[in-house]
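Down below is the structure, laid out as structure tokens.
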Amino acid sequence: MLAKYPFMLSLNVGKAKSKLDFLSNYGFTSDDLCQILVDDGHVIKRGLENCIVPSCEILKGLFQDRKSVIFVVKKFPRVLKQDLSKSLVPNVELLRLYGVPYSRILEMVKHQPRSFLNGAEKFKIFVGEIREMGFDPGKSHFAGAIYMWSGFSKETRERKWDLYRKLGWSDDEILLAFKKQPHIMITSEEKIERVMDFLVNKMGRDASQVSSCPHVIMHSLENWTMPRCLVVQFLLSKGLVKENLTLNSFIVLKGGKFRERYVDRFCVEFPQVLNLYGVTEDNRLNLHPKFLPGEKISSEFVCCSEKENAGTNANKLMKTTA
């Protein structure tokens, strides 16, 4: 803490103690206070009566319990440094005016407080831009879009948009993908390029197909997308699944559903799918009972868990299978 904020050695001890005493009496533990001051030591420089106390009171008025206030402050200590009556309060009222359910607003404030610390006029512009894109204030993705759009500069957003264009997505496809999964705008450019390279250049998918399944950008390439694609590619080569299989039909499936539909179903006759999916000697799940043959199945045909070690085996086999 002192390495980051050496000014603390010259603080007025009495004033600093009164602020720490207030927070301690409010319900913050010693560990909480340490975490807050390490994250943002400038909190201790703010006035007790004109900043810290009013911020806690405003948050308490929203949530109606101190536990949630403590959660928000620990997550984003900056809330104790601002005049929330000029940012958080009018921004919450704006969302209520546009029809965002109050319970969802509280969840947004609790988990994405940074978005609400923009000035009222700036926040109003962000909300207006999101609504113009076609986001419905009553749907959950509206909250995610607000967080993405308000958390990054215009230059950063434009650079990410241009990257998707460069990779073959049209403006309409980018917008539709953003509406389905707003978090594609915070994924690193390096990861976006790796995912697109694998799906387009190695798996033969076109850019439009990828844009229709934006969740694939969010998943781990090595531990989720790659093993699934290799399994499906193998099954396609054997004529066991339809040729026009979309990414959405197997990328967004939960682990158990994917295993049942694409691994358990075929791994007795084609044990190769076990290797492609990432089976190891120490990491197995029982084969789904309805796919068990009449006689006892060999342990080498028992299916593995989805995530652990999948990336390693998939990487080794990717070139050969592709």
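Labels used: A, B, ... for chains in the order of the structure tokens, numbers from 1 for residues in each chain, and numbers from 1 for ligands as shown.
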
For range 229-243 of chain A, please output as a list in words all residues within 6 Å (counting only C-alpha atoms; exclusion window: fewer than 3 positions along the same chain).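 Final neighbour list, sorted by chain and number: Met226, Val273 and Leu276 of chain A.
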
Prev. selection, all heavy atoms, output as a PDB file, in the first residue's frame:
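Now in out-v9.pdb:
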```
ATOM      1  N   MET A 226     -11.851 -25.761 -29.777  1.00  0.00           N
ATOM      2  CA  MET A 226     -11.044 -26.650 -30.597  1.00  0.00           C
ATOM      3  C   MET A 226     -11.441 -28.123 -30.452  1.00  0.00           C
ATOM      4  O   MET A 226     -11.677 -28.803 -31.469  1.00  0.00           O
ATOM      5  CB  MET A 226      -9.560 -26.437 -30.273  1.00  0.00           C
ATOM      6  CG  MET A 226      -8.618 -27.115 -31.244  1.00  0.00           C
ATOM      7  SD  MET A 226      -6.874 -26.809 -30.798  1.00  0.00           S
ATOM      8  CE  MET A 226      -6.739 -25.075 -31.206  1.00  0.00           C
ATOM      9  N   VAL A 273     -12.889 -40.316 -31.247  1.00  0.00           N
ATOM     10  CA  VAL A 273     -13.509 -39.099 -30.721  1.00  0.00           C
ATOM     11  C   VAL A 273     -13.079 -38.829 -29.290  1.00  0.00           C
ATOM     12  O   VAL A 273     -13.098 -37.688 -28.827  1.00  0.00           O
ATOM     13  CB  VAL A 273     -15.053 -39.157 -30.811  1.00  0.00           C
ATOM     14  CG1 VAL A 273     -15.512 -39.218 -32.253  1.00  0.00           C
ATOM     15  CG2 VAL A 273     -15.618 -40.293 -29.993  1.00  0.00           C
ATOM     16  N   LEU A 276      -9.808 -36.940 -29.556  1.00  0.00           N
ATOM     17  CA  LEU A 276     -10.058 -35.594 -30.058  1.00  0.00           C
ATOM     18  C   LEU A 276     -10.681 -34.714 -28.982  1.00  0.00           C
ATOM     19  O   LEU A 276     -10.418 -33.520 -28.908  1.00  0.00           O
ATOM     20  CB  LEU A 276     -10.972 -35.645 -31.278  1.00  0.00           C
ATOM     21  CG  LEU A 276     -10.364 -36.281 -32.529  1.00  0.00           C
ATOM     22  CD1 LEU A 276     -11.425 -36.472 -33.592  1.00  0.00           C
ATOM     23  CD2 LEU A 276      -9.229 -35.428 -33.055  1.00  0.00           C
TER      24      LEU A 276
END
```

Which polymer residues have any atom within 12 Å of an atom of range 46-56 of chain A, counting only C-alpha atoms, with same-chain residues fewer than 5 positions away left out, as a PyMOL selection string? chain A and resi 11+14-23+25-28+40-41+61-73+77-89+117

Quick one: residues within 10 Å of Asp39 in chain A, only C-alpha atoms, excluding same-chain residues fewer than 4 positions away - as a PyMOL selection string? chain A and resi 1+4+33-35+43+74-78

Find the residues around Ser212 in chain A up to 9 Å (only C-alpha atoms counted), leave out those fewer than 2 positions away in its own chain, and share them as a ChimeraX atom specification. /A:173,176-177,180,207-210,214-215,246-248

Residue selection dump (N, CA and C atoms) as an mmCIF file, in the first residue's frame:
```cif
data_model
loop_
_atom_site.group_PDB
_atom_site.id
_atom_site.type_symbol
_atom_site.label_atom_id
_atom_site.label_comp_id
_atom_site.auth_asym_id
_atom_site.auth_seq_id
_atom_site.Cartn_x
_atom_site.Cartn_y
_atom_site.Cartn_z
ATOM 1 N N GLU A 173 -23.563 -7.642 -39.428
ATOM 2 C CA GLU A 173 -23.203 -8.852 -38.684
ATOM 3 C C GLU A 173 -22.543 -8.510 -37.353
ATOM 4 N N LEU A 176 -25.354 -7.326 -35.024
ATOM 5 C CA LEU A 176 -26.176 -8.439 -34.570
ATOM 6 C C LEU A 176 -25.423 -9.289 -33.552
ATOM 7 N N ALA A 177 -24.129 -9.517 -33.803
ATOM 8 C CA ALA A 177 -23.319 -10.299 -32.860
ATOM 9 C C ALA A 177 -23.184 -9.565 -31.531
ATOM 10 N N LYS A 180 -26.264 -9.988 -29.545
ATOM 11 C CA LYS A 180 -26.378 -11.331 -28.963
ATOM 12 C C LYS A 180 -25.424 -11.514 -27.792
ATOM 13 N N ALA A 207 -16.635 -16.379 -42.434
ATOM 14 C CA ALA A 207 -16.738 -15.360 -41.388
ATOM 15 C C ALA A 207 -18.176 -15.134 -40.950
ATOM 16 N N SER A 208 -19.110 -15.215 -41.883
ATOM 17 C CA SER A 208 -20.520 -14.997 -41.537
ATOM 18 C C SER A 208 -21.034 -16.063 -40.585
ATOM 19 N N GLN A 209 -20.590 -17.315 -40.784
ATOM 20 C CA GLN A 209 -20.991 -18.384 -39.881
ATOM 21 C C GLN A 209 -20.502 -18.123 -38.469
ATOM 22 N N VAL A 210 -19.284 -17.608 -38.362
ATOM 23 C CA VAL A 210 -18.728 -17.319 -37.039
ATOM 24 C C VAL A 210 -19.494 -16.167 -36.392
ATOM 25 N N PRO A 214 -21.607 -15.595 -31.880
ATOM 26 C CA PRO A 214 -20.597 -14.776 -31.207
ATOM 27 C C PRO A 214 -20.078 -15.367 -29.903
ATOM 28 N N HIS A 215 -20.821 -16.301 -29.304
ATOM 29 C CA HIS A 215 -20.359 -16.925 -28.061
ATOM 30 C C HIS A 215 -19.036 -17.665 -28.266
ATOM 31 N N THR A 246 -24.443 -26.052 -37.941
ATOM 32 C CA THR A 246 -24.005 -24.702 -37.583
ATOM 33 C C THR A 246 -23.178 -24.727 -36.305
ATOM 34 N N LEU A 247 -22.394 -23.687 -36.100
ATOM 35 C CA LEU A 247 -21.615 -23.581 -34.867
ATOM 36 C C LEU A 247 -22.528 -23.550 -33.648
ATOM 37 N N ASN A 248 -23.666 -22.884 -33.777
ATOM 38 C CA ASN A 248 -24.588 -22.787 -32.642
ATOM 39 C C ASN A 248 -25.091 -24.152 -32.189
#
```

Here is a test: counting only C-alpha atoms, which residue of A:Arg261, A:Lys179, A:Lys110, A:Lys254 is nearest to Glu132 in chain A?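 With only C-alpha atoms as the atom set, the closest residue is A:Lys179.
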
Hey, can you check how far CA of Met218 in chain A sits from CA of Val195 in chain A?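 Straight-line distance from CA of Met218 in chain A to CA of Val195 in chain A works out to 9.4 Å.
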
Could you go through range 129-235 of chain A and tell me which residues DSSP, when run on the backbone, assigns to helix (DSSP H, G or I), listing them as a ChimeraX atom specification? /A:129-132,140-150,154-166,171-180,182-185,189-202,207-211,215-218,221-235

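If you look at CA of Glu93 in chain A and CA of Pro182 in chain A, they are 22.9 Å away from each other.
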
Which residues are near His219 in chain A? Cut-off 12 Å, only C-alpha atoms, ignore same chain within fewer than 6 positions. Put them as JSON, numbers by chain. {"A": [181, 183, 184, 187, 191, 192, 194, 195, 213, 225, 226, 227, 228, 251, 252, 253, 254, 307]}

Counting only C-alpha atoms, the residue of A:Thr29, A:Ala120, A:Ile125, A:Val100 that sits nearest Lys139 in chain A: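 Selected residue with least distance to Lys139 in chain A: A:Val100.
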